[in-house]
Structure formats: structure tokens, C-alpha cells
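Student: This is the structure I want to talk about, given as C-alpha cells.
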Amino acid sequence: DGGITQSPKYLFRKEGQNVTLSCEQNLNHDAMYWYRQDPGQGLRLIYYSQIVNDFQKGDIAEGYSVSREKKESFPLTVTSAQKNPTAFYLCASSIAGGLVEQFFGPGTRLTVL
Amino acid sequence: RKEVEQDPGPFNVPEGATVAFNCTYSNSASQSFFWYRQDCRKEPKLLMSVYSSGNEDGRFTAQLNRASQYISLLIRDSKLSDSATYLCAVTDMEYGNKLVFGAGTILRVKS
């Protein structure tokens with residue numbers, strides 16, 4: 001089955017630790033995205049990548065880092081510089097170059113203890 | 001002014017009712033529009049794209065009004081299973097295929 005997987009589903013982090021969230025897709029999509037969702041708020045774009053080995057900052061990139069070494073993978077690292085990291089993190093993908101819909105993975109819920 | 005705004009609701013409706021949501025957007029150059037459905041603690045799932053001519057999928061109808069810069073979603077004959085948060089999303093051409101999301105409208109359908 002084609003789709004987007006994210007792991008882990010739940011993640012607990014101590015303050016001062018870096019953590020990496022996994023996102024993998026087998027849809028052969030060129031573009032991948034990371035969003036953050038806080039209660040009662042819409043999705044906010046953290047980083048996106050239109051092609052392998054290239055990525056751009058979204059609206060709230062501070063305290064986050066990404067890599068795009070493979071087409072199917074777009075991991076997100078939440079660093080200790082992110083002041084309020086507790087949130088629901090969603091990865092999405094789409095075909096590139098058009099005004100097209102994005103498809104989402106099941107999300108990772110990160111809690112900082 | 002937010003780029004994409006939605007009435008947060010909640011909209012509480014009885015089964016069988018017709019309910020409509022609007023979503024306003026600020027960028028007149030936006031070109032693609034979508035409605036997503038999000039269940040509690042789950043990921044958003046694409047409900048339907050919104051075309052200039054409007055489109056219908058079963059009980060769901062989406063419309064675009066470019067002059068007034070809003071899109072709408074109409075749900076007829078509401079089912080209990082329609083209870084969810086409905087997110088609208090608009091493309092921002094300045095950043096290619098970046099989607100800008102509204103905060104969502106909560107729908108609760110009750111028996």
C-alpha cells in the first residue's frame with residue numbers, strides 16, 4: 001500500500017534534548033513538508049522540500065532542522081533551541097510543480113517533560 | 001488579518017440537517033483551494049478540491065467565490081460520522097505549492 005508513515009506515534013523528551021521525527025513515503029512524491037499543529041490552531045509550516053538535497057524554511061523554522069538525502073525520507077529534528085516544542089507534528093507529501101493537494105502521515109505527538 | 005480565516009464553531013446540528021461553512025482568504029493571487037477533514041487526534045485527510053466552477057461529491061458541495069475571496073463547504077443530510085474539524089487550505093503562489101491552512105471549523109452532528 002502506498003502512503004506516508006511517521007514514527008514514533010508518541011514521543012516524550014526532556015528539556016535540552018534533541019529528538020528526530022521520522023517521515024517516510026512510498027508515493028514517489030517529489031515534495032515533502034513538515035507542519036506543526038497546536039490545540040485550536042491551524043497547521044503551521046516548519047520546513048518543506050521540493051526535491052532531494054534541497055529544502056526551504058517555512059513560517060516557523062527556528063529551533064528545527066531537516067535533511068532530504070533520499071526522495072522517500074524527510075526527517076525533522078527538534079532541537080533544544082525550540083522553546084515550546086510540545087505539539088502534534090505532521091508530515092505531508094505531494095507531487096511537485098503544480099497546484100496540488102498534499103497527503104498527510106498519521107503524525108507524531110511530541111511532549112516535553 | 002490572518003491569511004486564511006474560518007469560524008471555529010462549534011456548529012451543533014441534528015442528523016439530517018444541512019450545514020455550510022465559509023473560509024475567507026486574503027491573498028487574491030491564490031489559485032488552488034482545498035477542504036480537509038480532521039478527526040480528533042488524527043491527521044487531516046483531503047475531502048475535496050475546490051474548483052472555479054464548484055464541485056460536488058455526494059452530500060458535499062464546494063464553491064469558490066473569487067470576487068469576495070472565500071470558499072464554502074455545504075454538507076447535506078448530515079450524518080453522525082460527519083462530526084469532525086473541517087480545515088480549508090489555500091495555496092500561496094509566492095512559495096510554490098505551500099498550503100496555508102485555516103484553524104478549522106468544528107462540526108458536531110447529534111442524534
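Letters for chains follow the order of the C-alpha cells (A, B, ...), residue numbers begin at 1 for each chain, and ligand numbers begin at 1 in the order shown.
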Which residues of chain B come within 10 Å of chain A, and what is each one's closest atom pair and distance in Å (one decimal), counting only C-alpha atoms, sorted by chain and residue number, as a tab-separated table?
Tutor:
residue	atom	partner	partner_atom	distance
B:Val4	CA	A:Gly42	CA	9.5
B:Glu5	CA	A:Gly42	CA	9.7
B:Gln6	CA	A:Gly42	CA	9.9
B:Pro8	CA	A:Gly40	CA	8.4
B:Ser30	CA	A:Leu99	CA	9.8
B:Gln31	CA	A:Leu99	CA	7.4
B:Ser32	CA	A:Leu99	CA	5.9
B:Phe33	CA	A:Glu101	CA	8.6
B:Phe34	CA	A:Glu101	CA	7.3
B:Trp35	CA	A:Glu101	CA	9.7
B:Tyr36	CA	A:Glu101	CA	9.8
B:Arg41	CA	A:Phe88	CA	8.5
B:Lys42	CA	A:Pro106	CA	6.3
B:Glu43	CA	A:Pro106	CA	5.2
B:Pro44	CA	A:Phe104	CA	6.6
B:Lys45	CA	A:Phe104	CA	7.0
B:Leu46	CA	A:Phe103	CA	7.2
B:Met48	CA	A:Glu101	CA	9.2
B:Ser49	CA	A:Glu101	CA	7.6
B:Leu87	CA	A:Gly42	CA	7.8
B:Cys88	CA	A:Gly42	CA	9.4
B:Ala89	CA	A:Glu101	CA	9.2
B:Val90	CA	A:Leu99	CA	9.6
B:Thr91	CA	A:Leu99	CA	7.1
B:Asp92	CA	A:Leu99	CA	9.4
B:Met93	CA	A:Leu99	CA	8.6
B:Tyr95	CA	A:Gly58	CA	9.1
B:Gly96	CA	A:Gly97	CA	7.5
B:Asn97	CA	A:Leu99	CA	5.8
B:Lys98	CA	A:Tyr48	CA	8.2
B:Leu99	CA	A:Gln102	CA	8.3
B:Val100	CA	A:Arg44	CA	7.7
B:Phe101	CA	A:Gly42	CA	5.7
B:Gly102	CA	A:Gly42	CA	5.3
B:Ala103	CA	A:Gly42	CA	3.6
B:Gly104	CA	A:Gly42	CA	6.5
B:Thr105	CA	A:Gly40	CA	9.7
B:Ile106	CA	A:Gly40	CA	9.9
Student: Let's have the selection written as a CSV table (one decimal), in the first residue's frame, with N, CA and C atoms.
Tutor:
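Listed below is the output, selection.csv:
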chain,number,residue,atom,x,y,z
B,4,VAL,N,-5.8,33.0,6.1
B,4,VAL,CA,-7.0,32.2,5.9
B,4,VAL,C,-7.8,32.1,7.2
B,5,GLU,N,-9.0,32.5,7.2
B,5,GLU,CA,-9.9,32.5,8.4
B,5,GLU,C,-11.1,31.7,8.3
B,6,GLN,N,-11.4,31.0,9.4
B,6,GLN,CA,-12.6,30.2,9.5
B,6,GLN,C,-13.3,30.4,10.8
B,8,PRO,N,-14.5,29.2,14.0
B,8,PRO,CA,-14.1,28.0,14.7
B,8,PRO,C,-15.3,27.1,15.2
B,30,SER,N,-4.2,33.7,-4.9
B,30,SER,CA,-4.3,32.3,-4.5
B,30,SER,C,-5.0,31.6,-5.7
B,31,GLN,N,-4.5,30.3,-6.0
B,31,GLN,CA,-5.1,29.7,-7.1
B,31,GLN,C,-5.7,28.3,-6.9
B,32,SER,N,-5.3,27.7,-5.8
B,32,SER,CA,-5.9,26.3,-5.5
B,32,SER,C,-6.4,26.3,-4.1
B,33,PHE,N,-7.5,25.6,-3.9
B,33,PHE,CA,-8.3,25.6,-2.7
B,33,PHE,C,-8.7,24.2,-2.4
B,34,PHE,N,-8.6,23.9,-1.1
B,34,PHE,CA,-9.0,22.5,-0.7
B,34,PHE,C,-9.7,22.5,0.6
B,35,TRP,N,-10.5,21.5,0.8
B,35,TRP,CA,-11.2,21.2,2.1
B,35,TRP,C,-10.6,19.9,2.6
B,36,TYR,N,-10.1,19.9,3.9
B,36,TYR,CA,-9.7,18.7,4.6
B,36,TYR,C,-10.6,18.4,5.8
B,41,ARG,N,-7.4,14.1,17.1
B,41,ARG,CA,-6.1,13.5,17.3
B,41,ARG,C,-5.6,12.6,16.1
B,42,LYS,N,-6.1,12.9,14.9
B,42,LYS,CA,-5.7,12.3,13.7
B,42,LYS,C,-5.2,13.3,12.7
B,43,GLU,N,-4.6,12.7,11.6
B,43,GLU,CA,-4.1,13.6,10.5
B,43,GLU,C,-5.3,14.2,9.7
B,44,PRO,N,-5.1,15.3,9.0
B,44,PRO,CA,-6.1,15.8,8.1
B,44,PRO,C,-6.1,14.9,6.9
B,45,LYS,N,-7.3,14.7,6.4
B,45,LYS,CA,-7.5,13.9,5.1
B,45,LYS,C,-8.2,14.8,4.1
B,46,LEU,N,-7.8,14.7,2.9
B,46,LEU,CA,-8.4,15.5,1.9
B,46,LEU,C,-9.8,15.1,1.7
B,48,MET,N,-12.1,17.3,-0.4
B,48,MET,CA,-12.3,17.7,-1.8
B,48,MET,C,-11.5,18.9,-2.2
B,49,SER,N,-11.1,19.0,-3.5
B,49,SER,CA,-10.6,20.2,-4.0
B,49,SER,C,-11.7,21.1,-4.4
B,87,LEU,N,-11.0,21.7,7.8
B,87,LEU,CA,-9.9,22.7,7.6
B,87,LEU,C,-9.9,23.1,6.1
B,88,CYS,N,-9.9,24.4,5.9
B,88,CYS,CA,-9.7,24.9,4.5
B,88,CYS,C,-8.2,25.2,4.3
B,89,ALA,N,-7.7,25.0,3.0
B,89,ALA,CA,-6.3,25.3,2.7
B,89,ALA,C,-6.2,26.0,1.4
B,90,VAL,N,-5.3,26.9,1.3
B,90,VAL,CA,-5.2,27.8,0.1
B,90,VAL,C,-3.7,27.8,-0.3
B,91,THR,N,-3.4,27.7,-1.6
B,91,THR,CA,-2.0,27.7,-2.0
B,91,THR,C,-1.5,29.2,-2.0
B,92,ASP,N,-0.3,29.3,-1.6
B,92,ASP,CA,0.4,30.6,-1.6
B,92,ASP,C,1.4,30.5,-2.8
B,93,MET,N,1.2,31.2,-3.9
B,93,MET,CA,2.0,31.1,-5.0
B,93,MET,C,3.4,31.6,-4.8
B,95,TYR,N,5.3,30.9,-2.6
B,95,TYR,CA,6.2,29.8,-2.1
B,95,TYR,C,5.9,28.5,-2.9
B,96,GLY,N,5.5,28.6,-4.1
B,96,GLY,CA,5.3,27.4,-4.9
B,96,GLY,C,4.0,26.7,-4.4
B,97,ASN,N,4.1,25.4,-4.0
B,97,ASN,CA,3.0,24.7,-3.6
B,97,ASN,C,2.7,24.7,-2.1
B,98,LYS,N,3.2,25.7,-1.4
B,98,LYS,CA,2.9,25.8,0.0
B,98,LYS,C,1.4,26.0,0.2
B,99,LEU,N,0.9,25.3,1.2
B,99,LEU,CA,-0.5,25.4,1.6
B,99,LEU,C,-0.6,26.2,2.9
B,100,VAL,N,-1.6,27.1,2.9
B,100,VAL,CA,-1.8,27.9,4.1
B,100,VAL,C,-3.2,27.4,4.6
B,101,PHE,N,-3.2,27.0,5.9
B,101,PHE,CA,-4.4,26.4,6.5
B,101,PHE,C,-5.1,27.3,7.4
B,102,GLY,N,-6.4,27.2,7.4
B,102,GLY,CA,-7.2,27.8,8.4
B,102,GLY,C,-7.2,27.0,9.7
B,103,ALA,N,-7.7,27.6,10.8
B,103,ALA,CA,-7.6,26.9,12.1
B,103,ALA,C,-8.7,25.8,12.2
B,104,GLY,N,-9.7,25.8,11.3
B,104,GLY,CA,-10.6,24.8,11.3
B,104,GLY,C,-12.0,25.2,11.9
B,105,THR,N,-13.0,24.5,11.4
B,105,THR,CA,-14.4,24.6,11.9
B,105,THR,C,-14.8,23.3,12.5
B,106,ILE,N,-15.3,23.3,13.7
B,106,ILE,CA,-15.7,22.1,14.4
B,106,ILE,C,-17.2,21.8,14.1
Student: Just the residues within 6 Å of Ser22 (chain A), please, counting only C-alpha atoms, with nothing from its chain fewer than 6 positions along; format it as a ChimeraX atom specification.
Tutor: /A:6-7,75
Student: Write out, as a PDB file, in the first residue's frame, the residues just selected, with N, CA, C and O atoms.
Tutor:
ATOM      1  N   GLN A   6       4.922   7.853   9.719  1.00  0.00           N
ATOM      2  CA  GLN A   6       5.665   8.676  10.668  1.00  0.00           C
ATOM      3  C   GLN A   6       5.926   7.849  11.916  1.00  0.00           C
ATOM      4  O   GLN A   6       5.068   7.083  12.352  1.00  0.00           O
ATOM      5  N   SER A   7       7.086   8.043  12.475  1.00  0.00           N
ATOM      6  CA  SER A   7       7.393   7.359  13.730  1.00  0.00           C
ATOM      7  C   SER A   7       8.281   8.241  14.589  1.00  0.00           C
ATOM      8  O   SER A   7       9.068   9.043  14.075  1.00  0.00           O
ATOM      9  N   PRO A  75      13.375  13.517   7.465  1.00  0.00           N
ATOM     10  CA  PRO A  75      13.349  13.569   8.932  1.00  0.00           C
ATOM     11  C   PRO A  75      13.435  14.995   9.470  1.00  0.00           C
ATOM     12  O   PRO A  75      14.092  15.855   8.876  1.00  0.00           O
TER      13      PRO A  75
END
Student: If DSSP is run on the backbone, what residues of chain A are strand (DSSP E or B)? A reply as number ranges by chain would be ideal.
Tutor: A: 4-7, 10-13, 19-25, 31-37, 43-51, 54-57, 64-66, 70, 73, 76-78, 87-94, 103-104, 108-112
Student: Tell me, as a PyMOL selection string, which residues lie within 10 Å of Leu74 (chain B), counting only C-alpha atoms; anything in the same chain fewer than 4 positions away does not count.
Tutor: chain B and resi 18-22+56+59-63+78
Student: Give me the residues within 9 Å of Asp39 (chain B) as an NGL selection string, counting only C-alpha atoms and dropping any in the same chain fewer than 6 places off.
Tutor: :B and (45 or 83-86)
Student: Would you output that residue set with N, CA, C and O atoms, as a compact mmCIF listing (two decimals), in the first residue's frame?
Tutor:
# COMPACT_ATOMS: atom_id res chain seq x y z
N LYS B 45 -7.33 14.71 6.36
CA LYS B 45 -7.50 13.91 5.15
C LYS B 45 -8.24 14.75 4.13
O LYS B 45 -9.20 15.45 4.46
N SER B 83 -19.17 14.34 12.03
CA SER B 83 -18.59 15.11 13.14
C SER B 83 -17.07 15.09 13.05
O SER B 83 -16.45 14.02 13.07
N ALA B 84 -16.48 16.25 12.94
CA ALA B 84 -15.04 16.38 12.74
C ALA B 84 -14.70 17.87 12.70
O ALA B 84 -15.58 18.73 12.82
N THR B 85 -13.43 18.15 12.50
CA THR B 85 -12.99 19.51 12.23
C THR B 85 -12.69 19.63 10.75
O THR B 85 -12.03 18.76 10.18
N TYR B 86 -13.20 20.67 10.12
CA TYR B 86 -13.03 20.87 8.70
C TYR B 86 -12.06 22.03 8.48
O TYR B 86 -12.30 23.16 8.93
Student: Would you mind reading off the distance between CA of Asn84 (chain A) and CA of Lys57 (chain A), one decimal, in Å?
Tutor: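 About the pair CA of Asn84 (chain A) and CA of Lys57 (chain A): they are 18.0 Å apart.
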Student: Using only C-alpha atoms, find the one residue out of A:Ala81, A:Leu21, A:Leu27, A:Ile60 that sits nearest to Gly3 (chain A).
Tutor: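 With only C-alpha atoms as the atom set, the closest residue is A:Leu27.
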Student: Could you work out how far CA of Thr111 (chain A) lies from CA of Leu11 (chain A), giving the answer in Å with one decimal?
Tutor: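 Separating CA of Leu11 (chain A) from CA of Thr111 (chain A) is a distance of 6.2 Å.
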Student: Could you pull out the helix (DSSP H, G or I) residues of chain B from DSSP and send them as a list in words?
Tutor: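 Those residues are Leu80, Ser81, Asp82, Met93, Glu94 and Tyr95 of chain B.
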Student: Could you name the residues that touch Arg68 (chain A) at 7 Å or less, counting only C-alpha atoms, but leaving out those on the same chain fewer than 4 positions away, as a PDB file with N, CA and C atoms, in the first residue's frame?
Tutor:
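Result saved to around-v1.pdb:
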ATOM      1  N   VAL A  52      15.109  16.341  -3.797  1.00  0.00           N
ATOM      2  CA  VAL A  52      16.179  15.781  -2.964  1.00  0.00           C
ATOM      3  C   VAL A  52      17.339  16.769  -2.848  1.00  0.00           C
ATOM      4  N   ASN A  53      17.924  16.807  -1.658  1.00  0.00           N
ATOM      5  CA  ASN A  53      19.079  17.649  -1.347  1.00  0.00           C
ATOM      6  C   ASN A  53      18.781  19.150  -1.396  1.00  0.00           C
ATOM      7  N   ASP A  54      17.526  19.485  -1.270  1.00  0.00           N
ATOM      8  CA  ASP A  54      17.144  20.897  -1.227  1.00  0.00           C
ATOM      9  C   ASP A  54      15.939  21.055  -0.318  1.00  0.00           C
ATOM     10  N   SER A  73      12.426  10.092   2.122  1.00  0.00           N
ATOM     11  CA  SER A  73      12.625  10.352   3.543  1.00  0.00           C
ATOM     12  C   SER A  73      12.871  11.830   3.827  1.00  0.00           C
ATOM     13  N   PHE A  74      12.245  12.337   4.890  1.00  0.00           N
ATOM     14  CA  PHE A  74      12.386  13.755   5.235  1.00  0.00           C
ATOM     15  C   PHE A  74      12.317  13.886   6.760  1.00  0.00           C
TER      16      PHE A  74
END
Student: Extract, using only C-alpha atoms, all DNA, RNA and protein residues at most 7 Å from Val13 (chain B), discarding same-chain residues fewer than 5 positions from it, and format them as a PyMOL selection string.
Tutor: chain B and resi 108-110
Student: So that I have them on file, write out the residues from the current selection with N, CA and C atoms, as a compact mmCIF listing (two decimals), in the first residue's frame.
Tutor:
# COMPACT_ATOMS: atom_id res chain seq x y z
N ARG B 108 -20.36 19.23 14.98
CA ARG B 108 -20.88 18.15 15.81
C ARG B 108 -22.29 17.84 15.34
N VAL B 109 -22.46 16.63 14.87
CA VAL B 109 -23.78 16.19 14.43
C VAL B 109 -24.35 15.29 15.52
N LYS B 110 -25.57 15.61 15.95
CA LYS B 110 -26.16 14.90 17.08
C LYS B 110 -27.46 14.22 16.68
